[in-house]
file work_24.txt (compact mmCIF, C-alpha atoms)
# COMPACT_ATOMS: atom_id res chain seq x y z
CA MET C 1 108.62 57.66 104.64
CA ARG C 2 105.09 58.31 103.48
CA TYR C 3 103.88 61.51 101.87
CA ILE C 4 102.12 64.12 103.95
CA THR C 5 99.25 65.58 101.94
CA ILE C 6 98.18 69.20 102.33
CA ALA C 7 94.85 70.55 101.02
CA LEU C 8 94.66 74.28 100.38
CA ALA C 9 91.54 76.35 99.77
CA LYS C 10 91.75 77.72 96.21
CA GLY C 11 92.49 81.38 95.52
CA ARG C 12 94.06 84.08 97.65
CA LEU C 13 94.27 81.80 100.68
CA ALA C 14 96.35 79.18 98.84
CA LYS C 15 98.72 81.84 97.44
CA THR C 16 99.34 83.39 100.86
CA THR C 17 99.82 79.97 102.47
CA LEU C 18 102.37 78.90 99.86
CA ALA C 19 104.27 82.16 100.36
CA MET C 20 104.41 81.40 104.10
CA PHE C 21 105.57 77.84 103.42
CA GLU C 22 108.38 79.18 101.24
CA GLN C 23 109.63 81.26 104.16
CA ILE C 24 110.09 78.08 106.21
CA GLY C 25 111.79 76.25 103.33
CA ILE C 26 108.81 74.36 101.91
CA THR C 27 108.49 74.96 98.19
CA CYS C 28 106.47 73.42 95.44
CA GLU C 29 107.69 74.64 92.06
CA GLU C 30 105.03 72.67 90.16
CA MET C 31 102.31 74.82 91.68
CA LYS C 32 103.75 77.98 90.17
CA ASP C 33 103.03 76.82 86.65
CA LYS C 34 99.89 78.80 85.79
CA ASP C 35 99.09 76.54 82.80
CA SER C 36 99.40 73.26 84.68
CA ARG C 37 96.36 70.99 84.51
CA LYS C 38 97.67 68.81 87.33
CA LEU C 39 95.52 68.23 90.38
CA ILE C 40 98.22 66.94 92.73
CA PHE C 41 101.57 68.68 93.14
CA VAL C 42 104.53 66.88 94.69
CA ASN C 43 107.72 67.84 96.46
CA GLU C 44 109.66 64.56 96.27
CA GLU C 45 112.53 65.74 98.43
CA LEU C 46 110.33 66.67 101.40
CA LYS C 47 107.78 63.91 100.72
CA LEU C 48 104.91 66.39 100.53
CA LYS C 49 101.87 66.46 98.27
CA PHE C 50 99.65 69.47 97.75
CA PHE C 51 96.27 69.90 96.15
CA LEU C 52 93.82 72.78 95.75
CA ALA C 53 90.16 72.35 96.68
CA LYS C 54 87.06 74.47 97.07
CA ALA C 55 87.07 75.87 100.61
CA PRO C 56 83.99 73.94 101.89
CA ASP C 57 85.61 70.65 100.77
CA VAL C 58 88.91 71.15 102.63
CA PRO C 59 87.60 70.09 106.10
CA THR C 60 85.96 67.04 104.48
CA TYR C 61 89.24 65.91 102.88
CA VAL C 62 90.98 66.36 106.23
CA GLU C 63 88.35 64.59 108.35
CA TYR C 64 88.41 61.52 106.08
CA GLY C 65 92.22 61.45 105.89
CA ALA C 66 92.46 62.18 102.15
CA ALA C 67 94.55 65.14 103.34
CA ASP C 68 96.64 65.11 106.52
CA ILE C 69 96.64 68.90 106.80
CA GLY C 70 94.32 71.59 105.48
CA VAL C 71 94.43 75.38 105.35
CA VAL C 72 91.03 77.08 105.24
CA GLY C 73 89.06 79.98 106.73
CA LYS C 74 87.58 79.69 110.22
CA ASP C 75 84.14 80.41 108.70
CA THR C 76 84.36 77.19 106.67
CA ILE C 77 85.54 75.17 109.69
CA LEU C 78 82.57 76.39 111.75
CA GLU C 79 80.05 75.90 108.95
CA GLU C 80 81.22 72.40 108.00
CA GLY C 81 81.55 71.15 111.58
CA ARG C 82 83.96 68.33 110.76
CA ARG C 83 85.95 66.27 113.27
CA LEU C 84 89.51 67.56 113.05
CA PHE C 85 92.16 69.37 115.07
CA GLU C 86 92.46 73.13 114.55
CA VAL C 87 96.13 73.67 115.34
CA LEU C 88 97.13 77.14 114.20
CA ASP C 89 95.72 80.57 113.45
CA LEU C 90 97.77 81.74 110.47
CA GLY C 91 96.74 85.33 111.10
CA PHE C 92 95.87 86.38 107.55
CA GLY C 93 92.51 86.75 105.81
CA LYS C 94 91.19 88.51 108.90
CA CYS C 95 87.52 89.46 108.95
CA LYS C 96 84.44 88.95 111.12
CA MET C 97 81.22 86.98 110.96
CA CYS C 98 78.43 89.43 111.71
CA VAL C 99 74.71 89.96 111.88
CA ALA C 100 73.93 92.91 109.63
CA GLY C 101 70.85 94.74 108.46
CA PRO C 102 69.15 98.13 108.45
CA LYS C 103 69.40 100.06 111.77
CA SER C 104 65.68 99.49 112.27
CA ALA C 105 66.30 95.75 112.66
CA ASN C 106 68.20 96.36 115.90
CA ASP C 107 64.98 96.39 117.93
CA LEU C 108 63.96 93.02 116.48
CA LEU C 109 67.27 91.56 117.68
CA GLN C 110 66.94 93.12 121.14
CA HIS C 111 63.36 91.94 121.63
CA HIS C 112 64.04 88.42 120.31
CA ASP C 113 61.29 88.75 117.69
CA LEU C 114 60.72 85.95 115.21
CA ILE C 115 62.66 87.17 112.18
CA ARG C 116 64.06 85.82 108.94
CA VAL C 117 67.81 85.58 108.54
CA ALA C 118 69.42 85.21 105.11
CA THR C 119 72.91 83.69 104.92
CA LYS C 120 75.41 81.49 103.09
CA TYR C 121 76.23 80.03 106.51
CA PRO C 122 73.06 78.38 107.89
CA ASN C 123 74.92 76.33 110.52
CA ILE C 124 76.78 79.31 111.95
CA ALA C 125 73.57 81.38 111.94
CA LYS C 126 71.61 78.58 113.62
CA ASP C 127 74.25 78.07 116.31
CA TYR C 128 74.41 81.80 117.03
CA PHE C 129 70.68 82.50 117.22
CA TYR C 130 69.57 79.24 118.84
CA ASN C 131 72.44 78.44 121.20
CA LYS C 132 73.91 81.84 122.07
CA LYS C 133 71.01 84.27 121.73
CA HIS C 134 68.17 81.80 122.34
CA GLN C 135 66.15 83.55 119.65
CA THR C 136 63.90 81.61 117.29
CA VAL C 137 64.51 82.65 113.70
CA GLU C 138 63.77 81.37 110.23
CA ILE C 139 67.01 80.81 108.33
CA ILE C 140 67.03 81.21 104.56
CA LYS C 141 70.08 79.92 102.70
CA LEU C 142 71.29 82.03 99.79
CA ASN C 143 74.29 81.60 97.52
CA GLY C 144 74.67 85.03 95.94
CA SER C 145 74.78 88.63 97.22
CA ILE C 146 73.42 88.29 100.72
CA GLU C 147 73.11 92.09 101.11
CA LEU C 148 70.20 91.99 98.70
CA ALA C 149 67.95 90.06 101.10
CA PRO C 150 67.01 92.89 103.52
CA ILE C 151 66.76 95.41 100.66
CA VAL C 152 64.13 93.39 98.76
CA GLY C 153 62.34 92.27 101.92
CA LEU C 154 63.34 88.60 101.88
CA ALA C 155 64.83 88.81 105.38
CA GLU C 156 65.13 91.31 108.22
CA VAL C 157 68.85 90.63 108.79
CA ILE C 158 71.74 88.71 107.26
CA VAL C 159 74.63 86.70 108.68
CA ASP C 160 77.73 87.23 106.58
CA ILE C 161 81.47 87.83 106.53
CA VAL C 162 82.45 91.47 106.92
CA GLU C 163 85.92 92.71 106.00
CA THR C 164 85.66 96.50 105.81
CA GLY C 165 81.90 96.95 105.89
CA SER C 166 81.93 99.18 102.81
CA THR C 167 79.56 96.93 100.80
CA LEU C 168 77.11 97.03 103.71
CA ARG C 169 77.30 100.83 104.02
CA GLU C 170 76.84 101.30 100.28
CA ASN C 171 73.58 99.37 100.58
CA GLY C 172 72.30 101.15 103.69
CA LEU C 173 73.12 98.28 106.06
CA ASP C 174 75.08 98.21 109.32
CA VAL C 175 76.83 95.62 111.43
CA LEU C 176 74.34 95.01 114.24
CA GLU C 177 76.10 92.21 116.14
CA GLU C 178 79.48 90.50 115.87
CA ILE C 179 79.43 86.71 115.99
CA CYS C 180 83.14 85.83 115.89
CA PRO C 181 86.52 86.82 114.42
CA LEU C 182 87.70 84.88 111.37
CA SER C 183 91.07 84.18 109.74
CA ALA C 184 92.92 81.40 107.94
CA ARG C 185 93.51 78.33 110.12
CA MET C 186 95.53 75.15 109.81
CA VAL C 187 93.65 71.94 110.55
CA VAL C 188 94.98 68.39 110.95
CA ASN C 189 93.42 64.95 110.59
CA GLN C 190 93.09 63.30 114.02
CA VAL C 191 94.83 60.05 113.04
CA SER C 192 97.60 61.82 111.10
CA MET C 193 98.36 63.89 114.20
CA LYS C 194 99.21 60.65 116.03
CA MET C 195 100.91 58.76 113.17
CA GLU C 196 102.97 61.66 111.79
CA ASN C 197 103.26 63.64 115.00
CA GLU C 198 106.92 64.53 114.61
CA ARG C 199 106.73 65.88 111.06
CA ILE C 200 103.43 67.70 111.55
CA THR C 201 104.56 69.23 114.86
CA LYS C 202 107.75 70.48 113.20
CA LEU C 203 105.71 72.15 110.46
CA ILE C 204 103.44 73.81 113.05
CA THR C 205 106.44 74.93 115.13
CA ASP C 206 108.22 76.40 112.08
CA LEU C 207 105.09 78.31 111.06
CA ARG C 208 104.53 79.52 114.61
CA GLY C 209 108.11 80.83 114.65
CA LEU C 210 107.36 82.75 111.47
CA LEU C 211 104.21 84.29 112.95
call {"tool": "encode", "arguments": {"input": "work_24.txt", "output": "structure tokens"}}
result
Amino acid sequence: MRYITIALAKGRLAKTTLAMFEQIGITCEEMKDKDSRKLIFVNEELKLKFFLAKAPDVPTYVEYGAADIGVVGKDTILEEGRRLFEVLDLGFGKCKMCVAGPKSANDLLQHHDLIRVATKYPNIAKDYFYNKKHQTVEIIKLNGSIELAPIVGLAEVIVDIVETGSTLRENGLDVLEEICPLSARMVVNQVSMKMENERITKLITDLRGLL
């Protein structure tokens, strides 16, 4: 029996996923050791391997088969655009991808003006404005606090993840349009789904029962 490898996005997402796995009898004691310098964690009994990766890398590991299964946010799946199966919405880490900006920017969105859009998610922004709204925009990729862009005049609006909207409100910005709901998703490599169908399907079924 070969190992099934699971890639988890580092941080809160990995912690919540492991807690869910424990509820269906999948544990990995090695991962609980805060001081461990290991990169790969193994459950010999269940023939499972786990590793933590930066969120944007998880779909890449899964597409290329370095991981059979991945758990990552829907925002990352959309932005990375990798070939994989999205099999389960795990229902946590809920938030929304939105277009936000000052209220005055609403007119620019309605009238399809040529505007600048700042975002960490250029592919999602491009898809939304070009393919859904048919509005030509200039997309500016940023890595830090996106909310800053409209305030300093770099862009008219931003595309970003919104959980509660409090950061936006504190900076005089509003959600102007909702692009899509987001949450943690389980993804599977296309070949692994065929080769290890029984074991992977059981894992999905057990998790679905929990949800």
call {"tool": "closest_residue", "arguments": {"input": "work_24.txt", "among": "C:Ala105, C:Ala66, C:Leu90, C:Ile77", "to": "Asp206 in chain C", "atoms": "all atoms listed in the file"}}
result
C:Leu90
call {"tool": "closest_residue", "arguments": {"input": "work_24.txt", "among": "C:Val157, C:Ile179, C:Leu78, C:Ile140", "to": "Asn123 in chain C", "atoms": "all atoms listed in the file"}}
result
C:Leu78
call {"tool": "residues_near_point", "arguments": {"input": "work_24.txt", "point": "(92.0, 73.2, 115.3)", "cutoff": "6 Å", "atoms": "all atoms listed in the file", "output": "PyMOL selection string"}}
result
chain C and resi 85-87+187
call {"tool": "write_last_selection", "arguments": {"input": "work_24.txt", "atoms": "C-alpha atoms", "output": "PDB file, keeping the file's coordinate frame"}}
result
ATOM      1  CA  PHE C  85      92.160  69.370 115.070  1.00  0.00           C
ATOM      2  CA  GLU C  86      92.460  73.130 114.550  1.00  0.00           C
ATOM      3  CA  VAL C  87      96.130  73.670 115.340  1.00  0.00           C
ATOM      4  CA  VAL C 187      93.650  71.940 110.550  1.00  0.00           C
TER       5      VAL C 187
END
call {"tool": "residues_around", "arguments": {"input": "work_24.txt", "residues": "Gly209 in chain C", "least_positions_apart": "4", "cutoff": "12 Å", "atoms": "only C-alpha atoms", "output": "MDAnalysis selection string"}}
result
chainID C and resid 20:21 23:24 88 90 202:205
call {"tool": "write_last_selection", "arguments": {"input": "work_24.txt", "atoms": "C-alpha atoms", "output": "PDB file, in the frame of the given file"}}
result
ATOM      1  CA  MET C  20     104.410  81.400 104.100  1.00  0.00           C
ATOM      2  CA  PHE C  21     105.570  77.840 103.420  1.00  0.00           C
ATOM      3  CA  GLN C  23     109.630  81.260 104.160  1.00  0.00           C
ATOM      4  CA  ILE C  24     110.090  78.080 106.210  1.00  0.00           C
ATOM      5  CA  LEU C  88      97.130  77.140 114.200  1.00  0.00           C
ATOM      6  CA  LEU C  90      97.770  81.740 110.470  1.00  0.00           C
ATOM      7  CA  LYS C 202     107.750  70.480 113.200  1.00  0.00           C
ATOM      8  CA  LEU C 203     105.710  72.150 110.460  1.00  0.00           C
ATOM      9  CA  ILE C 204     103.440  73.810 113.050  1.00  0.00           C
ATOM     10  CA  THR C 205     106.440  74.930 115.130  1.00  0.00           C
TER      11      THR C 205
END
call {"tool": "atom_distance", "arguments": {"input": "work_24.txt", "atom1": "CA of Lys194 in chain C", "atom2": "CA of Gly73 in chain C"}}
result
23.7 Å
call {"tool": "residues_around", "arguments": {"input": "work_24.txt", "residues": "Leu46 in chain C", "least_positions_apart": "4", "cutoff": "10 Å", "atoms": "only C-alpha atoms", "output": "JSON, numbers by chain"}}
result
{"C": [1, 3, 4, 25, 26, 27, 28, 42]}
call {"tool": "atom_distance", "arguments": {"input": "work_24.txt", "atom1": "CA of Glu138 in chain C", "atom2": "CA of Ile115 in chain C"}}
result
6.2 Å
call {"tool": "closest_residue", "arguments": {"input": "work_24.txt", "among": "C:Lys32, C:Lys141, C:Lys10, C:Arg169", "to": "Val58 in chain C", "atoms": "only C-alpha atoms"}}
result
C:Lys10
call {"tool": "residues_around", "arguments": {"input": "work_24.txt", "residues": "Cys180 in chain C", "least_positions_apart": "5", "cutoff": "9 Å", "atoms": "only C-alpha atoms", "output": "VMD selection string"}}
result
chain C and resid 95 to 98
call {"tool": "closest_residue", "arguments": {"input": "work_24.txt", "among": "C:Leu18, C:Lys74, C:Leu173, C:Ala149", "to": "Lys94 in chain C", "atoms": "all atoms listed in the file"}}
result
C:Lys74
call {"tool": "atom_distance", "arguments": {"input": "work_24.txt", "atom1": "CA of Val117 in chain C", "atom2": "CA of Ile158 in chain C"}}
result
5.2 Å
call {"tool": "residues_around", "arguments": {"input": "work_24.txt", "residues": "Gly70 in chain C", "least_positions_apart": "3", "cutoff": "9 Å", "atoms": "only C-alpha atoms", "output": "PyMOL selection string"}}
result
chain C and resi 5-9+58-59+61-62+67+185-189
call {"tool": "closest_residue", "arguments": {"input": "work_24.txt", "among": "C:Ala184, C:Leu176, C:Leu48, C:Leu148", "to": "Ala14 in chain C", "atoms": "all atoms listed in the file"}}
result
C:Ala184
call {"tool": "residues_around", "arguments": {"input": "work_24.txt", "residues": "Lys38 in chain C", "least_positions_apart": "4", "cutoff": "12 Å", "atoms": "all atoms listed in the file", "output": "list of chain:residue names"}}
result
C:Glu30, C:Met31, C:Lys32, C:Asp33, C:Lys34, C:Val42, C:Lys49, C:Phe50, C:Phe51, C:Leu52
call {"tool": "closest_residue", "arguments": {"input": "work_24.txt", "among": "C:Ala155, C:Glu163, C:Lys126, C:Glu22", "to": "Leu182 in chain C", "atoms": "all atoms listed in the file"}}
result
C:Glu163
call {"tool": "residues_near_point", "arguments": {"input": "work_24.txt", "point": "(62.3, 91.0, 116.2)", "cutoff": "12 Å", "atoms": "all atoms listed in the file", "output": "list in words"}}
result
Ser104, Ala105, Asn106, Asp107, Leu108, Leu109, Gln110, His111, His112, Asp113, Leu114, Ile115, Arg116, Val117, Phe129, Gln135, Thr136, Val137, Glu138, Ala155, Glu156 and Val157 of chain C
call {"tool": "write_last_selection", "arguments": {"input": "work_24.txt", "atoms": "C-alpha atoms", "output": "PDB file, in the coordinates of the input"}}
result
ATOM      1  CA  SER C 104      65.680  99.490 112.270  1.00  0.00           C
ATOM      2  CA  ALA C 105      66.300  95.750 112.660  1.00  0.00           C
ATOM      3  CA  ASN C 106      68.200  96.360 115.900  1.00  0.00           C
ATOM      4  CA  ASP C 107      64.980  96.390 117.930  1.00  0.00           C
ATOM      5  CA  LEU C 108      63.960  93.020 116.480  1.00  0.00           C
ATOM      6  CA  LEU C 109      67.270  91.560 117.680  1.00  0.00           C
ATOM      7  CA  GLN C 110      66.940  93.120 121.140  1.00  0.00           C
ATOM      8  CA  HIS C 111      63.360  91.940 121.630  1.00  0.00           C
ATOM      9  CA  HIS C 112      64.040  88.420 120.310  1.00  0.00           C
ATOM     10  CA  ASP C 113      61.290  88.750 117.690  1.00  0.00           C
ATOM     11  CA  LEU C 114      60.720  85.950 115.210  1.00  0.00           C
ATOM     12  CA  ILE C 115      62.660  87.170 112.180  1.00  0.00           C
ATOM     13  CA  ARG C 116      64.060  85.820 108.940  1.00  0.00           C
ATOM     14  CA  VAL C 117      67.810  85.580 108.540  1.00  0.00           C
ATOM     15  CA  PHE C 129      70.680  82.500 117.220  1.00  0.00           C
ATOM     16  CA  GLN C 135      66.150  83.550 119.650  1.00  0.00           C
ATOM     17  CA  THR C 136      63.900  81.610 117.290  1.00  0.00           C
ATOM     18  CA  VAL C 137      64.510  82.650 113.700  1.00  0.00           C
ATOM     19  CA  GLU C 138      63.770  81.370 110.230  1.00  0.00           C
ATOM     20  CA  ALA C 155      64.830  88.810 105.380  1.00  0.00           C
ATOM     21  CA  GLU C 156      65.130  91.310 108.220  1.00  0.00           C
ATOM     22  CA  VAL C 157      68.850  90.630 108.790  1.00  0.00           C
TER      23      VAL C 157
END
call {"tool": "build_atoms", "arguments": {"input": "work_24.txt", "residues": "range 64-75 of chain C", "atoms": "all heavy atoms", "output": "PDB file, keeping the file's coordinate frame"}}
result
ATOM      1  N   TYR C  64      88.365  62.900 106.594  1.00  0.00           N
ATOM      2  CA  TYR C  64      88.410  61.520 106.080  1.00  0.00           C
ATOM      3  C   TYR C  64      89.828  61.040 105.784  1.00  0.00           C
ATOM      4  O   TYR C  64      90.008  59.923 105.307  1.00  0.00           O
ATOM      5  CB  TYR C  64      87.518  61.396 104.839  1.00  0.00           C
ATOM      6  CG  TYR C  64      86.052  61.376 105.203  1.00  0.00           C
ATOM      7  CD1 TYR C  64      85.293  62.549 105.124  1.00  0.00           C
ATOM      8  CD2 TYR C  64      85.424  60.222 105.660  1.00  0.00           C
ATOM      9  CE1 TYR C  64      83.951  62.550 105.489  1.00  0.00           C
ATOM     10  CE2 TYR C  64      84.090  60.213 106.026  1.00  0.00           C
ATOM     11  CZ  TYR C  64      83.355  61.381 105.937  1.00  0.00           C
ATOM     12  OH  TYR C  64      82.033  61.376 106.303  1.00  0.00           O
ATOM     13  N   GLY C  65      90.828  61.893 106.040  1.00  0.00           N
ATOM     14  CA  GLY C  65      92.220  61.450 105.890  1.00  0.00           C
ATOM     15  C   GLY C  65      92.743  61.471 104.468  1.00  0.00           C
ATOM     16  O   GLY C  65      93.837  60.981 104.204  1.00  0.00           O
ATOM     17  N   ALA C  66      91.964  62.039 103.524  1.00  0.00           N
ATOM     18  CA  ALA C  66      92.460  62.180 102.150  1.00  0.00           C
ATOM     19  C   ALA C  66      93.543  63.265 102.130  1.00  0.00           C
ATOM     20  O   ALA C  66      94.404  63.285 101.260  1.00  0.00           O
ATOM     21  CB  ALA C  66      91.324  62.546 101.205  1.00  0.00           C
ATOM     22  N   ALA C  67      93.469  64.172 103.101  1.00  0.00           N
ATOM     23  CA  ALA C  67      94.550  65.140 103.340  1.00  0.00           C
ATOM     24  C   ALA C  67      94.903  65.042 104.816  1.00  0.00           C
ATOM     25  O   ALA C  67      94.021  64.863 105.657  1.00  0.00           O
ATOM     26  CB  ALA C  67      94.094  66.556 102.994  1.00  0.00           C
ATOM     27  N   ASP C  68      96.210  65.142 105.116  1.00  0.00           N
ATOM     28  CA  ASP C  68      96.640  65.110 106.520  1.00  0.00           C
ATOM     29  C   ASP C  68      96.431  66.487 107.157  1.00  0.00           C
ATOM     30  O   ASP C  68      96.093  66.604 108.329  1.00  0.00           O
ATOM     31  CB  ASP C  68      98.132  64.743 106.612  1.00  0.00           C
ATOM     32  CG  ASP C  68      98.411  63.398 105.984  1.00  0.00           C
ATOM     33  OD1 ASP C  68      97.991  62.386 106.583  1.00  0.00           O
ATOM     34  OD2 ASP C  68      99.014  63.347 104.891  1.00  0.00           O
ATOM     35  N   ILE C  69      96.683  67.512 106.324  1.00  0.00           N
ATOM     36  CA  ILE C  69      96.640  68.900 106.800  1.00  0.00           C
ATOM     37  C   ILE C  69      95.785  69.699 105.826  1.00  0.00           C
ATOM     38  O   ILE C  69      95.789  69.437 104.620  1.00  0.00           O
ATOM     39  CB  ILE C  69      98.080  69.490 106.820  1.00  0.00           C
ATOM     40  CG1 ILE C  69      98.950  68.744 107.851  1.00  0.00           C
ATOM     41  CG2 ILE C  69      98.071  70.995 107.111  1.00  0.00           C
ATOM     42  CD1 ILE C  69     100.431  69.093 107.774  1.00  0.00           C
ATOM     43  N   GLY C  70      95.076  70.688 106.345  1.00  0.00           N
ATOM     44  CA  GLY C  70      94.320  71.590 105.480  1.00  0.00           C
ATOM     45  C   GLY C  70      94.535  73.025 105.927  1.00  0.00           C
ATOM     46  O   GLY C  70      94.819  73.276 107.104  1.00  0.00           O
ATOM     47  N   VAL C  71      94.421  73.961 104.989  1.00  0.00           N
ATOM     48  CA  VAL C  71      94.430  75.380 105.350  1.00  0.00           C
ATOM     49  C   VAL C  71      93.168  75.993 104.764  1.00  0.00           C
ATOM     50  O   VAL C  71      92.932  75.918 103.554  1.00  0.00           O
ATOM     51  CB  VAL C  71      95.685  76.110 104.834  1.00  0.00           C
ATOM     52  CG1 VAL C  71      95.600  77.604 105.166  1.00  0.00           C
ATOM     53  CG2 VAL C  71      96.945  75.511 105.443  1.00  0.00           C
ATOM     54  N   VAL C  72      92.342  76.577 105.667  1.00  0.00           N
ATOM     55  CA  VAL C  72      91.030  77.080 105.240  1.00  0.00           C
ATOM     56  C   VAL C  72      90.569  78.140 106.235  1.00  0.00           C
ATOM     57  O   VAL C  72      91.084  78.223 107.358  1.00  0.00           O
ATOM     58  CB  VAL C  72      90.042  75.876 105.148  1.00  0.00           C
ATOM     59  CG1 VAL C  72      89.668  75.359 106.515  1.00  0.00           C
ATOM     60  CG2 VAL C  72      88.812  76.226 104.340  1.00  0.00           C
ATOM     61  N   GLY C  73      89.585  78.934 105.846  1.00  0.00           N
ATOM     62  CA  GLY C  73      89.060  79.980 106.730  1.00  0.00           C
ATOM     63  C   GLY C  73      88.275  79.399 107.895  1.00  0.00           C
ATOM     64  O   GLY C  73      87.648  78.350 107.777  1.00  0.00           O
ATOM     65  N   LYS C  74      88.317  80.117 109.015  1.00  0.00           N
ATOM     66  CA  LYS C  74      87.580  79.690 110.220  1.00  0.00           C
ATOM     67  C   LYS C  74      86.076  79.601 109.937  1.00  0.00           C
ATOM     68  O   LYS C  74      85.380  78.743 110.494  1.00  0.00           O
ATOM     69  CB  LYS C  74      87.852  80.693 111.349  1.00  0.00           C
ATOM     70  CG  LYS C  74      87.112  80.437 112.649  1.00  0.00           C
ATOM     71  CD  LYS C  74      87.601  79.193 113.357  1.00  0.00           C
ATOM     72  CE  LYS C  74      86.935  79.049 114.722  1.00  0.00           C
ATOM     73  NZ  LYS C  74      87.315  77.803 115.399  1.00  0.00           N
ATOM     74  N   ASP C  75      85.564  80.458 109.051  1.00  0.00           N
ATOM     75  CA  ASP C  75      84.140  80.410 108.700  1.00  0.00           C
ATOM     76  C   ASP C  75      83.753  79.042 108.142  1.00  0.00           C
ATOM     77  O   ASP C  75      82.724  78.467 108.503  1.00  0.00           O
ATOM     78  CB  ASP C  75      83.784  81.515 107.685  1.00  0.00           C
ATOM     79  CG  ASP C  75      84.708  81.512 106.485  1.00  0.00           C
ATOM     80  OD1 ASP C  75      85.934  81.591 106.685  1.00  0.00           O
ATOM     81  OD2 ASP C  75      84.239  81.437 105.334  1.00  0.00           O
TER      82      ASP C  75
END
